[in-house]
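K.L.:
Below is coords16.pdb; it holds PDB, C-alpha atoms, pLDDT in the B column.
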```pdb
ATOM      1  CA  MET A 816       0.000   0.000   0.000  1.00 48.00           C
ATOM      2  CA  ALA A 817       1.277   3.422  -0.908  1.00 48.00           C
ATOM      3  CA  GLU A 818       1.938   5.974   2.029  1.00 50.00           C
ATOM      4  CA  PRO A 819      -0.080   9.157   1.977  1.00 49.00           C
ATOM      5  CA  GLU A 820       1.780  12.039   0.437  1.00 50.00           C
ATOM      6  CA  ILE A 821       2.586  14.911   2.763  1.00 46.00           C
ATOM      7  CA  ILE A 822       2.377  18.330   1.143  1.00 46.00           C
ATOM      8  CA  GLU A 823       3.974  21.370   2.912  1.00 48.00           C
ATOM      9  CA  ASN A 824       2.163  24.663   2.401  1.00 48.00           C
ATOM     10  CA  GLY A 825       4.453  27.686   2.911  1.00 48.00           C
ATOM     11  CA  ASP A 826       1.486  30.080   2.591  1.00 51.00           C
ATOM     12  CA  ASN A 827      -0.139  29.108   5.941  1.00 50.00           C
ATOM     13  CA  ASP A 828      -1.875  32.113   7.456  1.00 50.00           C
ATOM     14  CA  ASP A 829      -0.804  31.129  10.985  1.00 50.00           C
ATOM     15  CA  ASP A 830       2.775  31.811  10.155  1.00 50.00           C
ATOM     16  CA  GLU A 831       2.184  35.258   8.563  1.00 52.00           C
ATOM     17  CA  PRO A 832       4.116  38.038  10.493  1.00 50.00           C
ATOM     18  CA  LEU A 833       2.197  41.141  11.994  1.00 48.00           C
ATOM     19  CA  PRO A 834       2.301  44.321   9.976  1.00 53.00           C
ATOM     20  CA  GLY A 835       5.120  46.576  11.268  1.00 51.00           C
ATOM     21  CA  GLY A 836       5.247  50.397  12.027  1.00 51.00           C
ATOM     22  CA  ARG A 837       1.758  51.024  13.594  1.00 53.00           C
ATOM     23  CA  PRO A 838       2.751  51.987  17.266  1.00 56.00           C
ATOM     24  CA  PHE A 839       5.042  54.842  16.165  1.00 59.00           C
ATOM     25  CA  PRO A 840       2.342  57.279  14.798  1.00 68.00           C
ATOM     26  CA  ILE A 841       0.201  56.737  17.918  1.00 73.00           C
ATOM     27  CA  LEU A 842       3.135  57.631  20.130  1.00 69.00           C
ATOM     28  CA  LEU A 843       3.709  60.842  18.191  1.00 72.00           C
ATOM     29  CA  VAL A 844       0.056  61.895  18.617  1.00 67.00           C
ATOM     30  CA  ALA A 845       0.173  61.181  22.353  1.00 70.00           C
ATOM     31  CA  VAL A 846       3.355  63.233  22.757  1.00 69.00           C
ATOM     32  CA  ALA A 847       1.862  66.115  20.783  1.00 71.00           C
ATOM     33  CA  VAL A 848      -1.313  66.136  22.896  1.00 69.00           C
ATOM     34  CA  ALA A 849       0.726  66.051  26.103  1.00 70.00           C
ATOM     35  CA  PHE A 850       2.876  68.944  24.869  1.00 68.00           C
ATOM     36  CA  VAL A 851      -0.227  71.042  24.074  1.00 69.00           C
ATOM     37  CA  VAL A 852      -1.715  70.323  27.520  1.00 70.00           C
ATOM     38  CA  LEU A 853       1.553  71.231  29.263  1.00 73.00           C
ATOM     39  CA  ALA A 854       1.911  74.389  27.209  1.00 69.00           C
ATOM     40  CA  PHE A 855      -1.626  75.475  28.061  1.00 67.00           C
ATOM     41  CA  ALA A 856      -1.032  74.744  31.747  1.00 66.00           C
ATOM     42  CA  ALA A 857       2.201  76.742  31.706  1.00 66.00           C
ATOM     43  CA  VAL A 858       0.458  79.726  30.092  1.00 66.00           C
ATOM     44  CA  PHE A 859      -2.408  79.554  32.610  1.00 63.00           C
ATOM     45  CA  ILE A 860      -0.080  79.323  35.607  1.00 70.00           C
ATOM     46  CA  GLY A 861       2.057  82.145  34.254  1.00 63.00           C
ATOM     47  CA  PHE A 862      -1.006  84.359  33.839  1.00 58.00           C
ATOM     48  CA  GLN A 863      -2.119  83.621  37.394  1.00 61.00           C
ATOM     49  CA  VAL A 864       1.325  84.432  38.780  1.00 57.00           C
ATOM     50  CA  TYR A 865       1.475  87.662  36.751  1.00 59.00           C
ATOM     51  CA  SER A 866      -1.985  88.695  37.974  1.00 58.00           C
ATOM     52  CA  GLY A 867      -0.949  88.013  41.548  1.00 57.00           C
ATOM     53  CA  HIS A 868       2.166  90.148  41.198  1.00 57.00           C
ATOM     54  CA  GLN A 869       0.144  92.947  39.612  1.00 58.00           C
ATOM     55  CA  ALA A 870      -2.402  92.886  42.461  1.00 53.00           C
ATOM     56  CA  GLU A 871       0.373  92.982  45.058  1.00 56.00           C
ATOM     57  CA  ALA A 872       2.046  95.874  43.274  1.00 55.00           C
ATOM     58  CA  GLU A 873      -1.235  97.827  43.178  1.00 54.00           C
ATOM     59  CA  ARG A 874      -1.872  97.201  46.881  1.00 51.00           C
ATOM     60  CA  ALA A 875       1.669  98.291  47.719  1.00 50.00           C
ATOM     61  CA  ALA A 876       1.215 101.466  45.674  1.00 47.00           C
ATOM     62  CA  GLU A 877      -2.061 102.234  47.451  1.00 45.00           C
ATOM     63  CA  ASP A 878      -0.486 101.675  50.872  1.00 45.00           C
ATOM     64  CA  ALA A 879       2.433 103.933  49.980  1.00 45.00           C
ATOM     65  CA  ALA A 880       0.259 106.722  48.582  1.00 40.00           C
ATOM     66  CA  PRO A 881      -0.221 109.727  50.888  1.00 40.00           C
ATOM     67  CA  ARG A 882      -3.610 109.771  52.557  1.00 40.00           C
ATOM     68  CA  SER A 883      -5.626 112.817  53.464  1.00 37.00           C
ATOM     69  CA  PRO A 884      -6.160 113.111  57.219  1.00 39.00           C
ATOM     70  CA  ALA A 885      -9.614 112.432  58.540  1.00 39.00           C
ATOM     71  CA  PRO A 886     -11.601 115.617  58.941  1.00 36.00           C
ATOM     72  CA  SER A 887     -11.421 117.001  62.457  1.00 38.00           C
ATOM     73  CA  ARG A 888     -14.422 118.091  64.459  1.00 41.00           C
ATOM     74  CA  SER A 889     -13.617 121.729  63.781  1.00 46.00           C
ATOM     75  CA  SER A 890     -13.727 121.202  60.005  1.00 51.00           C
ATOM     76  CA  CYS A 891     -17.024 119.330  59.832  1.00 58.00           C
ATOM     77  CA  LEU A 892     -18.946 122.549  59.274  1.00 60.00           C
ATOM     78  CA  ASP A 893     -17.010 122.987  56.021  1.00 58.00           C
ATOM     79  CA  LEU A 894     -18.177 119.570  54.830  1.00 54.00           C
ATOM     80  CA  HIS A 895     -21.877 119.736  55.696  1.00 55.00           C
ATOM     81  CA  ASP A 896     -24.356 122.544  55.090  1.00 53.00           C
ATOM     82  CA  TYR A 897     -26.458 121.718  58.116  1.00 51.00           C
ATOM     83  CA  GLY A 898     -24.056 120.506  60.729  1.00 56.00           C
ATOM     84  CA  CYS A 899     -21.839 117.652  61.760  1.00 65.00           C
ATOM     85  CA  ASP A 900     -22.411 114.366  63.489  1.00 72.00           C
ATOM     86  CA  PRO A 901     -25.624 114.682  65.554  1.00 74.00           C
ATOM     87  CA  ALA A 902     -23.788 113.005  68.439  1.00 77.00           C
ATOM     88  CA  ARG A 903     -21.539 116.094  68.700  1.00 82.00           C
ATOM     89  CA  ARG A 904     -24.361 118.582  69.360  1.00 87.00           C
ATOM     90  CA  LEU A 905     -24.593 120.480  72.610  1.00 90.00           C
ATOM     91  CA  PRO A 906     -27.988 120.290  74.354  1.00 89.00           C
ATOM     92  CA  VAL A 907     -28.890 123.951  73.678  1.00 91.00           C
ATOM     93  CA  THR A 908     -29.769 125.904  70.568  1.00 91.00           C
ATOM     94  CA  LEU A 909     -28.006 129.043  69.451  1.00 91.00           C
ATOM     95  CA  ASP A 910     -30.931 131.241  70.556  1.00 90.00           C
ATOM     96  CA  GLN A 911     -31.051 129.588  73.982  1.00 91.00           C
ATOM     97  CA  LEU A 912     -27.308 130.072  74.452  1.00 92.00           C
ATOM     98  CA  MET A 913     -27.481 133.749  73.579  1.00 90.00           C
ATOM     99  CA  GLU A 914     -30.672 134.541  75.510  1.00 89.00           C
ATOM    100  CA  ALA A 915     -29.180 133.081  78.697  1.00 89.00           C
ATOM    101  CA  GLN A 916     -26.448 135.715  78.391  1.00 85.00           C
ATOM    102  CA  SER A 917     -28.905 138.526  77.569  1.00 83.00           C
ATOM    103  CA  PHE A 918     -27.838 138.700  73.933  1.00 80.00           C
ATOM    104  CA  THR A 919     -29.612 138.003  70.669  1.00 77.00           C
ATOM    105  CA  ALA A 920     -28.042 136.135  67.762  1.00 74.00           C
ATOM    106  CA  GLY A 921     -28.125 138.335  64.689  1.00 76.00           C
ATOM    107  CA  PRO A 922     -29.136 137.037  61.247  1.00 78.00           C
ATOM    108  CA  GLU A 923     -25.470 136.650  60.252  1.00 76.00           C
ATOM    109  CA  TRP A 924     -25.266 133.974  62.984  1.00 80.00           C
ATOM    110  CA  ALA A 925     -28.688 132.335  62.867  1.00 77.00           C
ATOM    111  CA  ASN A 926     -28.798 132.009  59.083  1.00 80.00           C
ATOM    112  CA  ASN A 927     -25.267 130.672  58.585  1.00 80.00           C
ATOM    113  CA  SER A 928     -22.903 127.908  59.655  1.00 79.00           C
ATOM    114  CA  GLY A 929     -19.387 128.379  60.905  1.00 81.00           C
ATOM    115  CA  THR A 930     -17.430 129.767  63.836  1.00 86.00           C
ATOM    116  CA  HIS A 931     -18.556 133.196  65.001  1.00 87.00           C
ATOM    117  CA  THR A 932     -17.039 135.440  67.677  1.00 89.00           C
ATOM    118  CA  LEU A 933     -18.740 138.187  69.634  1.00 86.00           C
ATOM    119  CA  SER A 934     -16.893 140.732  71.756  1.00 84.00           C
ATOM    120  CA  MET A 935     -18.802 141.380  74.956  1.00 75.00           C
ATOM    121  CA  PRO A 936     -19.196 144.772  76.674  1.00 67.00           C
ATOM    122  CA  MET A 937     -16.959 145.679  79.552  1.00 60.00           C
ATOM    123  CA  LEU A 938     -17.638 143.349  82.434  1.00 55.00           C
ATOM    124  CA  THR A 939     -17.146 145.957  85.166  1.00 57.00           C
ATOM    125  CA  ASP A 940     -17.665 149.645  85.676  1.00 55.00           C
ATOM    126  CA  GLN A 941     -13.930 150.194  85.316  1.00 58.00           C
ATOM    127  CA  PRO A 942     -13.292 151.095  81.668  1.00 56.00           C
ATOM    128  CA  GLY A 943     -10.229 149.556  80.100  1.00 55.00           C
ATOM    129  CA  THR A 944      -9.794 146.738  82.593  1.00 59.00           C
ATOM    130  CA  ALA A 945     -11.351 143.656  81.028  1.00 68.00           C
ATOM    131  CA  ALA A 946     -13.563 142.506  78.184  1.00 79.00           C
ATOM    132  CA  GLY A 947     -15.370 139.280  77.421  1.00 85.00           C
ATOM    133  CA  ARG A 948     -15.468 137.267  74.243  1.00 89.00           C
ATOM    134  CA  LEU A 949     -17.845 134.543  73.090  1.00 91.00           C
ATOM    135  CA  THR A 950     -16.942 132.108  70.261  1.00 92.00           C
ATOM    136  CA  VAL A 951     -19.532 129.641  68.975  1.00 91.00           C
ATOM    137  CA  GLU A 952     -19.141 126.860  66.419  1.00 89.00           C
ATOM    138  CA  HIS A 953     -22.593 126.122  65.049  1.00 88.00           C
ATOM    139  CA  ALA A 954     -24.724 125.242  62.050  1.00 83.00           C
ATOM    140  CA  HIS A 955     -27.702 127.585  62.152  1.00 84.00           C
ATOM    141  CA  GLN A 956     -29.361 126.822  65.523  1.00 87.00           C
ATOM    142  CA  VAL A 957     -27.318 123.655  66.216  1.00 88.00           C
ATOM    143  CA  VAL A 958     -24.357 124.360  68.545  1.00 91.00           C
ATOM    144  CA  TYR A 959     -21.228 122.160  68.595  1.00 89.00           C
ATOM    145  CA  SER A 960     -18.765 124.056  70.777  1.00 91.00           C
ATOM    146  CA  VAL A 961     -18.529 127.237  72.809  1.00 94.00           C
ATOM    147  CA  ARG A 962     -15.561 129.214  74.125  1.00 95.00           C
ATOM    148  CA  CYS A 963     -16.060 131.831  76.842  1.00 94.00           C
ATOM    149  CA  GLU A 964     -13.198 134.230  77.610  1.00 93.00           C
ATOM    150  CA  ALA A 965     -12.384 137.081  79.966  1.00 90.00           C
ATOM    151  CA  ASN A 966      -9.288 139.050  79.000  1.00 87.00           C
ATOM    152  CA  SER A 967      -7.515 141.833  80.812  1.00 82.00           C
ATOM    153  CA  THR A 968      -6.685 144.701  78.502  1.00 74.00           C
ATOM    154  CA  GLY A 969      -3.833 145.867  80.684  1.00 74.00           C
ATOM    155  CA  THR A 970      -1.791 144.640  83.613  1.00 78.00           C
ATOM    156  CA  THR A 971      -4.617 144.701  86.165  1.00 81.00           C
ATOM    157  CA  PRO A 972      -5.448 141.133  87.251  1.00 86.00           C
ATOM    158  CA  LEU A 973      -8.903 139.822  86.573  1.00 86.00           C
ATOM    159  CA  THR A 974     -11.412 140.150  89.403  1.00 85.00           C
ATOM    160  CA  PRO A 975     -14.091 137.656  90.525  1.00 87.00           C
ATOM    161  CA  VAL A 976     -16.718 139.774  88.800  1.00 83.00           C
ATOM    162  CA  GLU A 977     -14.871 139.637  85.496  1.00 84.00           C
ATOM    163  CA  ILE A 978     -14.118 135.932  85.697  1.00 89.00           C
ATOM    164  CA  GLY A 979     -17.744 135.395  86.679  1.00 88.00           C
ATOM    165  CA  TYR A 980     -18.651 135.812  83.012  1.00 89.00           C
ATOM    166  CA  LEU A 981     -17.312 132.295  82.442  1.00 92.00           C
ATOM    167  CA  LYS A 982     -19.755 130.945  85.013  1.00 92.00           C
ATOM    168  CA  LEU A 983     -22.653 132.699  83.281  1.00 91.00           C
ATOM    169  CA  CYS A 984     -21.510 131.436  79.884  1.00 92.00           C
ATOM    170  CA  GLY A 985     -21.052 127.864  81.133  1.00 93.00           C
ATOM    171  CA  ASN A 986     -24.508 127.758  82.672  1.00 92.00           C
ATOM    172  CA  ALA A 987     -25.952 129.101  79.425  1.00 92.00           C
ATOM    173  CA  ALA A 988     -24.697 125.991  77.580  1.00 91.00           C
ATOM    174  CA  LEU A 989     -26.598 123.654  79.918  1.00 89.00           C
ATOM    175  CA  PRO A 990     -30.194 122.603  79.243  1.00 80.00           C
ATOM    176  CA  GLY A 991     -32.462 124.647  81.463  1.00 74.00           C
ATOM    177  CA  ASN A 992     -34.543 123.090  84.258  1.00 68.00           C
ATOM    178  CA  ASP A 993     -32.789 119.722  83.938  1.00 72.00           C
ATOM    179  CA  PRO A 994     -31.957 118.135  87.323  1.00 70.00           C
ATOM    180  CA  ALA A 995     -29.283 116.020  85.641  1.00 72.00           C
ATOM    181  CA  VAL A 996     -27.065 119.077  85.169  1.00 79.00           C
ATOM    182  CA  GLY A 997     -26.975 119.928  88.856  1.00 82.00           C
ATOM    183  CA  GLY A 998     -23.472 118.490  89.193  1.00 85.00           C
ATOM    184  CA  ALA A 999     -22.208 120.618  86.304  1.00 88.00           C
ATOM    185  CA  VAL A1000     -23.740 123.772  87.787  1.00 89.00           C
ATOM    186  CA  GLN A1001     -22.084 123.051  91.131  1.00 90.00           C
ATOM    187  CA  TRP A1002     -18.727 122.371  89.453  1.00 92.00           C
ATOM    188  CA  LEU A1003     -18.856 125.746  87.703  1.00 93.00           C
ATOM    189  CA  ALA A1004     -19.672 127.483  90.988  1.00 93.00           C
ATOM    190  CA  ASN A1005     -16.807 125.766  92.813  1.00 93.00           C
ATOM    191  CA  ASN A1006     -14.070 126.106  90.200  1.00 93.00           C
ATOM    192  CA  ILE A1007     -14.511 129.452  88.497  1.00 93.00           C
ATOM    193  CA  HIS A1008     -12.701 131.900  90.753  1.00 91.00           C
ATOM    194  CA  VAL A1009      -9.598 134.064  90.840  1.00 90.00           C
ATOM    195  CA  ALA A1010      -6.461 131.936  90.768  1.00 88.00           C
ATOM    196  CA  ALA A1011      -3.278 133.961  91.103  1.00 81.00           C
ATOM    197  CA  ASN A1012      -1.131 130.864  90.523  1.00 87.00           C
ATOM    198  CA  GLY A1013      -3.281 129.570  87.697  1.00 90.00           C
ATOM    199  CA  LEU A1014      -5.977 126.907  87.560  1.00 92.00           C
ATOM    200  CA  VAL A1015      -6.651 124.066  85.120  1.00 94.00           C
ATOM    201  CA  ALA A1016      -9.659 121.794  85.573  1.00 94.00           C
ATOM    202  CA  ARG A1017     -11.966 119.584  83.507  1.00 94.00           C
ATOM    203  CA  TYR A1018     -15.430 118.189  84.122  1.00 93.00           C
ATOM    204  CA  GLN A1019     -18.104 116.405  82.111  1.00 90.00           C
ATOM    205  CA  CYS A1020     -21.706 115.371  82.664  1.00 84.00           C
ATOM    206  CA  SER A1021     -25.045 115.132  80.800  1.00 77.00           C
ATOM    207  CA  GLY A1022     -23.516 115.507  77.333  1.00 82.00           C
ATOM    208  CA  VAL A1023     -21.414 118.570  78.202  1.00 89.00           C
ATOM    209  CA  ALA A1024     -17.662 118.771  78.847  1.00 92.00           C
ATOM    210  CA  PHE A1025     -15.958 121.792  80.455  1.00 94.00           C
ATOM    211  CA  SER A1026     -12.264 122.636  80.116  1.00 95.00           C
ATOM    212  CA  LEU A1027     -11.255 125.566  82.345  1.00 95.00           C
ATOM    213  CA  HIS A1028      -8.010 127.580  82.268  1.00 95.00           C
ATOM    214  CA  ILE A1029      -7.529 130.602  84.521  1.00 94.00           C
ATOM    215  CA  SER A1030      -4.467 132.821  84.875  1.00 92.00           C
ATOM    216  CA  ALA A1031      -3.989 136.273  86.370  1.00 89.00           C
ATOM    217  CA  LEU A1032      -4.828 138.114  83.137  1.00 89.00           C
ATOM    218  CA  HIS A1033      -6.831 135.584  81.126  1.00 90.00           C
ATOM    219  CA  ALA A1034      -9.642 133.119  81.827  1.00 93.00           C
ATOM    220  CA  GLU A1035     -11.089 130.648  79.343  1.00 95.00           C
ATOM    221  CA  LEU A1036     -13.831 128.006  79.440  1.00 96.00           C
ATOM    222  CA  ASP A1037     -14.216 125.595  76.505  1.00 96.00           C
ATOM    223  CA  ILE A1038     -17.520 123.750  76.241  1.00 95.00           C
ATOM    224  CA  THR A1039     -17.802 120.677  74.015  1.00 91.00           C
ATOM    225  CA  VAL A1040     -19.487 117.277  73.856  1.00 89.00           C
ATOM    226  CA  PRO A1041     -17.595 114.483  75.684  1.00 87.00           C
ATOM    227  CA  ASP A1042     -16.801 111.175  74.027  1.00 80.00           C
ATOM    228  CA  ASP A1043     -18.558 109.346  76.866  1.00 75.00           C
ATOM    229  CA  ARG A1044     -21.875 111.135  77.288  1.00 70.00           C
ATOM    230  CA  LYS A1045     -22.940 109.007  80.283  1.00 68.00           C
ATOM    231  CA  ALA A1046     -19.970 109.658  82.539  1.00 72.00           C
ATOM    232  CA  CYS A1047     -20.116 112.401  85.172  1.00 81.00           C
ATOM    233  CA  GLY A1048     -17.089 113.711  87.014  1.00 82.00           C
ATOM    234  CA  PRO A1049     -13.618 115.162  86.459  1.00 82.00           C
ATOM    235  CA  ALA A1050     -12.449 114.490  82.891  1.00 69.00           C
TER     236      ALA A1050
END
```
Rewrite the structure of this file - the entire thing - as structure tokens.
P.N.:
Amino acid sequence: MAEPEIIENGDNDDDEPLPGGRPFPILLVAVAVAFVVLAFAAVFIGFQVYSGHQAEAERAAEDAAPRSPAPSRSSCLDLHDYGCDPARRLPVTLDQLMEAQSFTAGPEWANNSGTHTLSMPMLTDQPGTAAGRLTVEHAHQVVYSVRCEANSTGTTPLTPVEIGYLKLCGNAALPGNDPAVGGAVQWLANNIHVAANGLVARYQCSGVAFSLHISALHAELDITVPDDRKACGPA
């Protein structure tokens, strides 16, 4: 019997090699995409850093720039047509302040805002010895500060009668018929007197603060609103 013939087939598909060169283009695309992502990230981070530096530079420039000082109490009348902070008002009107001293505020006072000064008549029957002066910071009828002065016009020392004008002026700045101001009235009575060696004293109560300075030839009482309106006693 004849043996079966074995035929070798060199074209067998199982032995065919894989096509070459495919992974290389894919790698190039992946590298390109990664480069674009990194470039975008670098640009974004750089922009953020630049913006941060710019903001810091602007803040530094603002901090270094000269600043205008906050307006003082004495300048508030220049900033507002009808007065300053309501918390800085004395408890009397301009008319009440003047009437208590037997004077009348003229239209140049009552119709305007600012700091006005009035020279008082001679305080005694001795001509040429002393004169009083009243200075009021106000906005129309609203009063913010008062200064009462007695000044010798020569070398004669002030007398109790002359210095007594300060007591009258201080009482005029207090609300009338208010029992709460009794301490302030008593303080004025006790402290306003002739002081050959000088006298400096301060007191506050019921929304009024007194600052008193007396020398042989000059006496002055400043009346303002205290920072602590509830406290009563030496300031």
K.L.:
Just say which residues the PyMOL selection byres ((chain A and resi 905) around 9) picks in this file, as a VMD selection string.
P.N.:
chain A and resid 902 to 904 906 to 908 957 to 960 988 to 990 1022 to 1023 1038 to 1040
K.L.:
Write out as lines of an AutoDock Vina configuration file an axis-aligned box for region 969-975 of chain A: all of its atoms listed in the file, 5 Å added on each side, centre and edge lengths in Å with one decimal.
P.N.:
```
center_x = -7.9
center_y = 141.8
center_z = 85.6
size_x = 22.3
size_y = 18.2
size_z = 19.8
```
K.L.:
With 9 Å as the threshold, what does the neighbourhood of (-26.4, 129.5, 70.0) contain in terms of residues, counting all atoms listed in the file? Coordinates are those of the file; answer as a ChimeraX atom specification.
P.N.:
/A:907-914,920,924-925,951-953,955-958,961,988
K.L.:
I need the residue nearest Gly991 (chain A) from this list: A:Cys1020, A:Met935, A:Ala847, A:Ala915. Use only C-alpha atoms for the distance.
P.N.:
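The answer is A:Ala915, which sits nearest to Gly991 (chain A).
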K.L.:
Output the residue selection produced by the PyMOL selection byres ((chain A and resi 1028) around 6) on the file above, formatted as a list in words.
P.N.:
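On this input, the PyMOL selection byres ((chain A and resi 1028) around 6) captures Leu1014, Val1015, Leu1027, Ile1029, Ala1034 and Glu1035 of chain A.
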K.L.:
Could you write out that same residue set with C-alpha atoms as a compact mmCIF listing (two decimals), in the frame of the given file?
P.N.:
```txt
# COMPACT_ATOMS: atom_id res chain seq x y z
CA LEU A 1014 -5.98 126.91 87.56
CA VAL A 1015 -6.65 124.07 85.12
CA LEU A 1027 -11.26 125.57 82.34
CA ILE A 1029 -7.53 130.60 84.52
CA ALA A 1034 -9.64 133.12 81.83
CA GLU A 1035 -11.09 130.65 79.34
```
K.L.:
Quick one: pull the distance between CA of Pro1041 (chain A) and CA of Leu1003 (chain A), Å, one decimal.
P.N.:
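Rounded to one decimal, the two atoms are 16.5 Å apart.
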K.L.:
Restricting the calculation to all atoms listed in the file: of A:Val996, A:Pro1049, A:Tyr980, A:Ile1007, which residue gets closest to Gln1019 (chain A)?
P.N.:
A:Pro1049
K.L.:
Using Å and a single decimal, report how far CA of Ala1016 (chain A) sits from CA of Gly969 (chain A).
P.N.:
25.2 Å
K.L.:
Would you mind reading off the distance between CA of Ala995 (chain A) and CA of Leu981 (chain A), one decimal, in Å?
P.N.:
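Spanning CA of Ala995 (chain A) to CA of Leu981 (chain A) is a straight-line distance of 20.5 Å.
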K.L.:
Would you mind telling me which residue in A:Ala954, A:Val976, A:Leu1032, A:Leu843 lies nearest to Ala1010 (chain A) when using all atoms listed in the file?
P.N.:
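Going through A:Ala954, A:Val976, A:Leu1032, A:Leu843 one by one, the smallest distance to Ala1010 (chain A) is for A:Leu1032.
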K.L.:
Given the choices A:Leu1036, A:Ala845, A:Val852, A:Cys963, which gets closest to Thr932 (chain A) if the distance is worked out from all atoms listed in the file?
P.N.:
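The answer is A:Cys963, which sits nearest to Thr932 (chain A).
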K.L.:
Can you take the partial region 909-923 of chain A, add N, CA, C and O atoms, and return it as a PDB file, in the frame of the given file?
P.N.:
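The resulting file, rebuild_33.pdb, is shown below:
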```
ATOM      1  N   LEU A 909     -28.731 127.777  69.485  1.00 91.00           N
ATOM      2  CA  LEU A 909     -28.006 129.043  69.451  1.00 91.00           C
ATOM      3  C   LEU A 909     -28.797 130.143  70.161  1.00 91.00           C
ATOM      4  O   LEU A 909     -28.236 130.930  70.941  1.00 91.00           O
ATOM      5  N   ASP A 910     -30.109 130.213  69.906  1.00 90.00           N
ATOM      6  CA  ASP A 910     -30.931 131.241  70.556  1.00 90.00           C
ATOM      7  C   ASP A 910     -30.947 131.070  72.067  1.00 90.00           C
ATOM      8  O   ASP A 910     -30.855 132.053  72.813  1.00 90.00           O
ATOM      9  N   GLN A 911     -31.053 129.829  72.544  1.00 91.00           N
ATOM     10  CA  GLN A 911     -31.051 129.588  73.982  1.00 91.00           C
ATOM     11  C   GLN A 911     -29.731 130.013  74.613  1.00 91.00           C
ATOM     12  O   GLN A 911     -29.708 130.603  75.700  1.00 91.00           O
ATOM     13  N   LEU A 912     -28.628 129.707  73.937  1.00 92.00           N
ATOM     14  CA  LEU A 912     -27.308 130.072  74.452  1.00 92.00           C
ATOM     15  C   LEU A 912     -27.168 131.584  74.577  1.00 92.00           C
ATOM     16  O   LEU A 912     -26.644 132.104  75.577  1.00 92.00           O
ATOM     17  N   MET A 913     -27.622 132.303  73.572  1.00 90.00           N
ATOM     18  CA  MET A 913     -27.481 133.749  73.579  1.00 90.00           C
ATOM     19  C   MET A 913     -28.445 134.412  74.561  1.00 90.00           C
ATOM     20  O   MET A 913     -28.081 135.354  75.281  1.00 90.00           O
ATOM     21  N   GLU A 914     -29.686 133.941  74.617  1.00 89.00           N
ATOM     22  CA  GLU A 914     -30.672 134.541  75.510  1.00 89.00           C
ATOM     23  C   GLU A 914     -30.258 134.406  76.971  1.00 89.00           C
ATOM     24  O   GLU A 914     -30.518 135.305  77.785  1.00 89.00           O
ATOM     25  N   ALA A 915     -29.618 133.276  77.316  1.00 89.00           N
ATOM     26  CA  ALA A 915     -29.180 133.081  78.697  1.00 89.00           C
ATOM     27  C   ALA A 915     -28.100 134.071  79.093  1.00 89.00           C
ATOM     28  O   ALA A 915     -27.834 134.263  80.286  1.00 89.00           O
ATOM     29  N   GLN A 916     -27.466 134.704  78.115  1.00 85.00           N
ATOM     30  CA  GLN A 916     -26.448 135.715  78.391  1.00 85.00           C
ATOM     31  C   GLN A 916     -26.937 137.119  78.051  1.00 85.00           C
ATOM     32  O   GLN A 916     -26.156 138.060  77.964  1.00 85.00           O
ATOM     33  N   SER A 917     -28.266 137.235  77.861  1.00 83.00           N
ATOM     34  CA  SER A 917     -28.905 138.526  77.569  1.00 83.00           C
ATOM     35  C   SER A 917     -28.436 139.118  76.254  1.00 83.00           C
ATOM     36  O   SER A 917     -28.288 140.345  76.121  1.00 83.00           O
ATOM     37  N   PHE A 918     -28.193 138.234  75.274  1.00 80.00           N
ATOM     38  CA  PHE A 918     -27.838 138.700  73.933  1.00 80.00           C
ATOM     39  C   PHE A 918     -28.739 138.014  72.925  1.00 80.00           C
ATOM     40  O   PHE A 918     -29.371 136.981  73.211  1.00 80.00           O
ATOM     41  N   THR A 919     -28.809 138.565  71.745  1.00 77.00           N
ATOM     42  CA  THR A 919     -29.612 138.003  70.669  1.00 77.00           C
ATOM     43  C   THR A 919     -28.705 137.704  69.481  1.00 77.00           C
ATOM     44  O   THR A 919     -27.914 138.570  69.078  1.00 77.00           O
ATOM     45  N   ALA A 920     -28.840 136.508  68.938  1.00 74.00           N
ATOM     46  CA  ALA A 920     -28.042 136.135  67.762  1.00 74.00           C
ATOM     47  C   ALA A 920     -28.576 136.855  66.538  1.00 74.00           C
ATOM     48  O   ALA A 920     -29.755 136.753  66.210  1.00 74.00           O
ATOM     49  N   GLY A 921     -27.712 137.612  65.885  1.00 76.00           N
ATOM     50  CA  GLY A 921     -28.125 138.335  64.689  1.00 76.00           C
ATOM     51  C   GLY A 921     -28.313 137.387  63.513  1.00 76.00           C
ATOM     52  O   GLY A 921     -27.959 136.202  63.573  1.00 76.00           O
ATOM     53  N   PRO A 922     -28.885 137.893  62.420  1.00 78.00           N
ATOM     54  CA  PRO A 922     -29.136 137.037  61.247  1.00 78.00           C
ATOM     55  C   PRO A 922     -27.863 136.458  60.646  1.00 78.00           C
ATOM     56  O   PRO A 922     -27.883 135.380  60.056  1.00 78.00           O
ATOM     57  N   GLU A 923     -26.727 137.181  60.798  1.00 76.00           N
ATOM     58  CA  GLU A 923     -25.470 136.650  60.252  1.00 76.00           C
ATOM     59  C   GLU A 923     -25.022 135.407  61.015  1.00 76.00           C
ATOM     60  O   GLU A 923     -24.203 134.637  60.516  1.00 76.00           O
TER      61      GLU A 923
END
```
